[in-house]
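Participant: Following this message is one structure expressed as structure tokens.
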There are 2 protein chains.
Amino acid sequence: MEILDKLDIAILKILQQDNFTPQRDIGQQVGLSAAAVQRRMKRMKEEGIIQRNISVVNREKIGRPITLFVEVIMESEKAEYIDTTKAIFRATPEVQQCYYVTGDADFVLIIVVPSMHDYELLTRRIFFGNDNIKHFRTMVAMDLVKVGLDVSLDTILA
Amino acid sequence: MEILDKLDIAILKILQQDNFTPQRDIGQQVGLSAAAVQRRMKRMKEEGIIQRNISVVNREKIGRPITLFVEVIMESEKAEYIDTTKAIFRATPEVQQCYYVTGDADFVLIIVVPSMHDYELLTRRIFFGNDNIKHFRTMVAMDLVKVGLDVSLDTILA
DNA sequence: GTAACAAATGAAACAAAATTGCACAAATAC
DNA sequence: GTATTTGTGCAATTTTGTTTCATTTGTTAC
């Protein structure tokens, strides 16, 4: 099976909000037994529909209050250089998210650091230390209006 | 208590990767009993250090393969207009993330949709339908190089 | 229509994990 | 020094997750 039915989606909606919800409670909400919920969760995990199960840590409370947006423009878009740069971003813990994009920029990064000073040091390491980077443009987040990895599950028919 | 010690951080590191790890296993890895792990998890949850516990759903597998970056520039930065716009973005399920930023743009959005056509329809609703939006600039993600909400916990002393 | 089959389910038994109570040890306050 | 607070491990208890199995549901073949 590869397709999701309404029950799967109802389960995912709950797990996307709180994956510590007991299977019994989920079952009650969606109209299934706990065993059925458990089997569906297992299947969706195996099929990769549920990618990960994680705790989200509050960045402010642990001393990383600065969130930054960075657009990176490369000198050359040769696959080799791009791949090297991807690997660097992937390996840098302060880079929370990295997207390779079309449009005005080549990469878009979300960076989380303790202070602007730390960001400055980071730029020296990962931007100025990389000859293939032509230019980068930084924006500082003032308000984390909405942060999550939720996917809207409303209009799914599949 | 408000401060995190080394054990808390070790626990968070594990939970950030996989919050289904049994407390017993966590305890073994960090050198605590399961009960102690459980108490620390409870405390961190209550203090908001652990913000949420969630499942991450694979966007491709459920028919939402398009990820977009949008920079939004407002006509006016009056608090009233900004707040209204924040509320709209917050309430739009396709808007997965929204940051209010300084710099060239006012908002940065990450949007997840089934197709470019759906994006076009969305832009009509949330951008063209909003007089306070002067301009927006879209970039299309070709590769989700790194996606997560992880916060680097390496250099914490606190 | 009905027989045969496959897939998914619920209930119950079972296993594993989380939670709580309690006594004790370390650190802090007085 | 003693009292107090805080955190701990262990063990008992409770809750949750997992497996088993008989039944139901839905489908296909005849």
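Residue numbering restarts at 1 in every chain; chains get A, B, ... in the order shown in the structure tokens, and ligands count up from 1 in that same order.
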Could you work out which residues of chain A fall inside 8 Å of chain D? Count only C-alpha atoms (C1' of nucleotides), and format the result as a VMD selection string.
Facilitator: chain A and resid 22 to 23 35 38
Participant: Using all heavy atoms, can you write the selected residues to a file as an mmCIF file, in the first residue's frame?
Facilitator:
```
data_model
loop_
_atom_site.group_PDB
_atom_site.id
_atom_site.type_symbol
_atom_site.label_atom_id
_atom_site.label_comp_id
_atom_site.auth_asym_id
_atom_site.auth_seq_id
_atom_site.Cartn_x
_atom_site.Cartn_y
_atom_site.Cartn_z
ATOM 1 N N PRO A 22 -1.006 9.371 23.247
ATOM 2 C CA PRO A 22 -1.128 7.910 23.318
ATOM 3 C C PRO A 22 -1.969 7.364 22.168
ATOM 4 O O PRO A 22 -2.928 8.010 21.737
ATOM 5 C CB PRO A 22 -1.832 7.677 24.660
ATOM 6 C CG PRO A 22 -1.542 8.890 25.465
ATOM 7 C CD PRO A 22 -1.445 10.020 24.487
ATOM 8 N N GLN A 23 -1.592 6.183 21.708
ATOM 9 C CA GLN A 23 -2.317 5.571 20.595
ATOM 10 C C GLN A 23 -3.786 5.380 20.925
ATOM 11 O O GLN A 23 -4.646 5.454 20.047
ATOM 12 C CB GLN A 23 -1.663 4.236 20.244
ATOM 13 C CG GLN A 23 -0.259 4.386 19.693
ATOM 14 C CD GLN A 23 0.466 3.065 19.536
ATOM 15 O OE1 GLN A 23 -0.055 2.025 19.914
ATOM 16 N NE2 GLN A 23 1.658 3.101 18.980
ATOM 17 N N ALA A 35 -4.735 -0.637 18.555
ATOM 18 C CA ALA A 35 -3.935 -1.563 17.749
ATOM 19 C C ALA A 35 -3.888 -1.126 16.294
ATOM 20 O O ALA A 35 -2.830 -1.165 15.661
ATOM 21 C CB ALA A 35 -4.511 -2.971 17.862
ATOM 22 N N GLN A 38 -1.649 1.796 15.893
ATOM 23 C CA GLN A 38 -0.250 1.364 16.009
ATOM 24 C C GLN A 38 0.249 0.769 14.701
ATOM 25 O O GLN A 38 1.337 1.069 14.235
ATOM 26 C CB GLN A 38 -0.151 0.397 17.185
ATOM 27 C CG GLN A 38 0.515 -0.913 16.921
ATOM 28 C CD GLN A 38 2.007 -0.803 17.131
ATOM 29 O OE1 GLN A 38 2.488 0.187 17.631
ATOM 30 N NE2 GLN A 38 2.712 -1.829 16.731
#
```
Participant: Using only C-alpha atoms (C1' of nucleotides), what table do you get, as a Markdown table, when you list each residue of chain B with an atom no more than 12 Å from chain C, its nearest pair of atoms, and their distance in Å rounded to one decimal, rows by chain then rising number?
Facilitator:
```
| residue | atom | partner | partner_atom | distance |
| --- | --- | --- | --- | --- |
| B:Phe20 | CA | C:DA17 | C1' | 10.9 |
| B:Thr21 | CA | C:DA17 | C1' | 10.6 |
| B:Pro22 | CA | C:DA17 | C1' | 7.2 |
| B:Gln23 | CA | C:DA17 | C1' | 8.1 |
| B:Arg24 | CA | C:DA17 | C1' | 8.5 |
| B:Asp25 | CA | C:DA17 | C1' | 10.9 |
| B:Ala34 | CA | C:DA18 | C1' | 8.9 |
| B:Ala35 | CA | C:DT19 | C1' | 8.1 |
| B:Ala36 | CA | C:DT19 | C1' | 11.1 |
| B:Val37 | CA | C:DA18 | C1' | 10.7 |
| B:Gln38 | CA | C:DA18 | C1' | 7.8 |
| B:Arg39 | CA | C:DT19 | C1' | 9.4 |
| B:Met41 | CA | C:DA18 | C1' | 11.7 |
| B:Lys42 | CA | C:DT19 | C1' | 10.9 |
```
Participant: Per residue of chain A within 6 Å of chain B, record the nearest atom pair and its distance in Å to one decimal, counting only C-alpha atoms, with rows in chain order and ascending residue number, as CSV.
Facilitator:
```
residue,atom,partner,partner_atom,distance
A:Leu15,CA,B:Ser55,CA,5.4
A:Gln16,CA,B:Ser55,CA,4.9
A:Gln17,CA,B:Ile54,CA,5.7
A:Asp18,CA,B:Ile54,CA,5.0
A:Asn19,CA,B:Ile54,CA,4.8
A:Ile49,CA,B:Asn58,CA,5.1
A:Ile50,CA,B:Val57,CA,4.7
A:Gln51,CA,B:Val56,CA,5.4
A:Arg52,CA,B:Val56,CA,5.1
A:Asn53,CA,B:Ser55,CA,4.4
A:Ile54,CA,B:Asn19,CA,4.8
A:Ser55,CA,B:Asn53,CA,4.4
A:Val56,CA,B:Arg52,CA,5.1
A:Val57,CA,B:Ile50,CA,4.7
A:Asn58,CA,B:Ile49,CA,5.1
A:Lys61,CA,B:Ile49,CA,5.9
A:Pro93,CA,B:Ser152,CA,5.4
A:Glu94,CA,B:Ser152,CA,6.0
A:Gln97,CA,B:Val147,CA,4.8
A:Cys98,CA,B:Lys146,CA,4.7
A:Tyr99,CA,B:Leu144,CA,4.9
A:Tyr100,CA,B:Asp143,CA,5.0
A:Val101,CA,B:Ala141,CA,4.2
A:Thr102,CA,B:Val140,CA,5.3
A:Gly103,CA,B:Met139,CA,5.0
A:Met139,CA,B:Gly103,CA,5.0
A:Val140,CA,B:Val101,CA,5.3
A:Ala141,CA,B:Val101,CA,4.2
A:Met142,CA,B:Val101,CA,5.2
A:Asp143,CA,B:Tyr100,CA,5.0
A:Leu144,CA,B:Tyr99,CA,4.9
A:Val145,CA,B:Tyr99,CA,5.3
A:Lys146,CA,B:Cys98,CA,4.7
A:Val147,CA,B:Gln97,CA,4.8
A:Ser152,CA,B:Pro93,CA,5.3
```
Participant: Using DSSP secondary structure from the backbone, list all strand (DSSP E) positions within region 84-146 of chain B, as a compact mmCIF listing (two decimals) with C-alpha atoms, in the first residue's frame.
Facilitator:
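The result, stored in states.txt:
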```txt
# COMPACT_ATOMS: atom_id res chain seq x y z
CA VAL B 95 2.79 28.72 4.81
CA GLN B 96 4.98 26.33 6.72
CA GLN B 97 7.28 28.98 8.15
CA CYS B 98 7.10 32.73 8.41
CA TYR B 99 9.72 35.13 9.71
CA TYR B 100 9.44 38.86 10.14
CA VAL B 101 12.84 40.23 9.24
CA THR B 102 14.99 43.28 8.85
CA PHE B 107 8.78 38.82 5.62
CA VAL B 108 10.37 35.62 4.54
CA LEU B 109 8.09 32.66 3.96
CA ILE B 110 8.57 29.00 3.31
CA ILE B 111 5.62 27.60 1.44
CA VAL B 112 4.81 23.95 0.72
CA VAL B 113 2.26 23.12 -1.97
CA ILE B 133 2.04 44.04 0.05
CA LYS B 134 4.11 46.00 -2.41
CA HIS B 135 6.13 43.22 -3.90
CA PHE B 136 7.16 39.62 -3.46
CA ARG B 137 9.99 37.59 -4.85
CA THR B 138 9.79 33.81 -5.21
CA MET B 139 12.51 31.22 -5.31
CA VAL B 140 11.84 27.56 -5.98
CA ALA B 141 13.66 24.91 -3.97
CA MET B 142 15.36 22.35 -6.16
CA ASP B 143 17.00 20.45 -3.34
CA LEU B 144 16.07 20.34 0.34
CA VAL B 145 19.68 20.12 1.36
CA LYS B 146 19.00 20.32 5.06
```
Participant: Any idea what the distance is between CA of Leu122 (chain A) and CA of Pro65 (chain A)?
Facilitator: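 Between CA of Leu122 (chain A) and CA of Pro65 (chain A) the gap works out to 15.5 Å.
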Participant: Could you write out, as a list in words, all the residues of region 61-113 of chain B that DSSP marks as helix (DSSP H, G or I)?
Facilitator: Ala79, Glu80, Tyr81, Ile82, Asp83, Thr84, Thr85, Lys86, Ala87, Ile88, Phe89, Arg90 and Ala91 of chain B
Participant: Kindly export the residues of the current selection with C-alpha atoms, as a PDB file, in the first residue's frame.
Facilitator:
```
ATOM      1  CA  ALA B  79       2.474  47.892  13.199  1.00  0.00           C
ATOM      2  CA  GLU B  80      -1.186  47.528  12.429  1.00  0.00           C
ATOM      3  CA  TYR B  81      -0.605  46.317   8.872  1.00  0.00           C
ATOM      4  CA  ILE B  82       2.273  44.126   9.894  1.00  0.00           C
ATOM      5  CA  ASP B  83       0.201  42.417  12.553  1.00  0.00           C
ATOM      6  CA  THR B  84      -2.674  41.798  10.185  1.00  0.00           C
ATOM      7  CA  THR B  85      -0.342  40.269   7.662  1.00  0.00           C
ATOM      8  CA  LYS B  86       1.320  38.115  10.281  1.00  0.00           C
ATOM      9  CA  ALA B  87      -2.064  36.777  11.257  1.00  0.00           C
ATOM     10  CA  ILE B  88      -2.868  35.876   7.662  1.00  0.00           C
ATOM     11  CA  PHE B  89       0.391  34.023   7.156  1.00  0.00           C
ATOM     12  CA  ARG B  90      -0.026  32.255  10.479  1.00  0.00           C
ATOM     13  CA  ALA B  91      -3.473  31.084   9.495  1.00  0.00           C
TER      14      ALA B  91
END
```
Participant: At what distance in Å, to one decimal, does CA of Asn130 (chain A) lie from CA of Ser115 (chain A)?
Facilitator: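 These two atoms are separated by 22.2 Å.
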Participant: So how many Å separate CA of Ile11 (chain B) and CA of Glu46 (chain B), to one decimal?
Facilitator: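 Rounded to one decimal, the two atoms are 15.3 Å apart.
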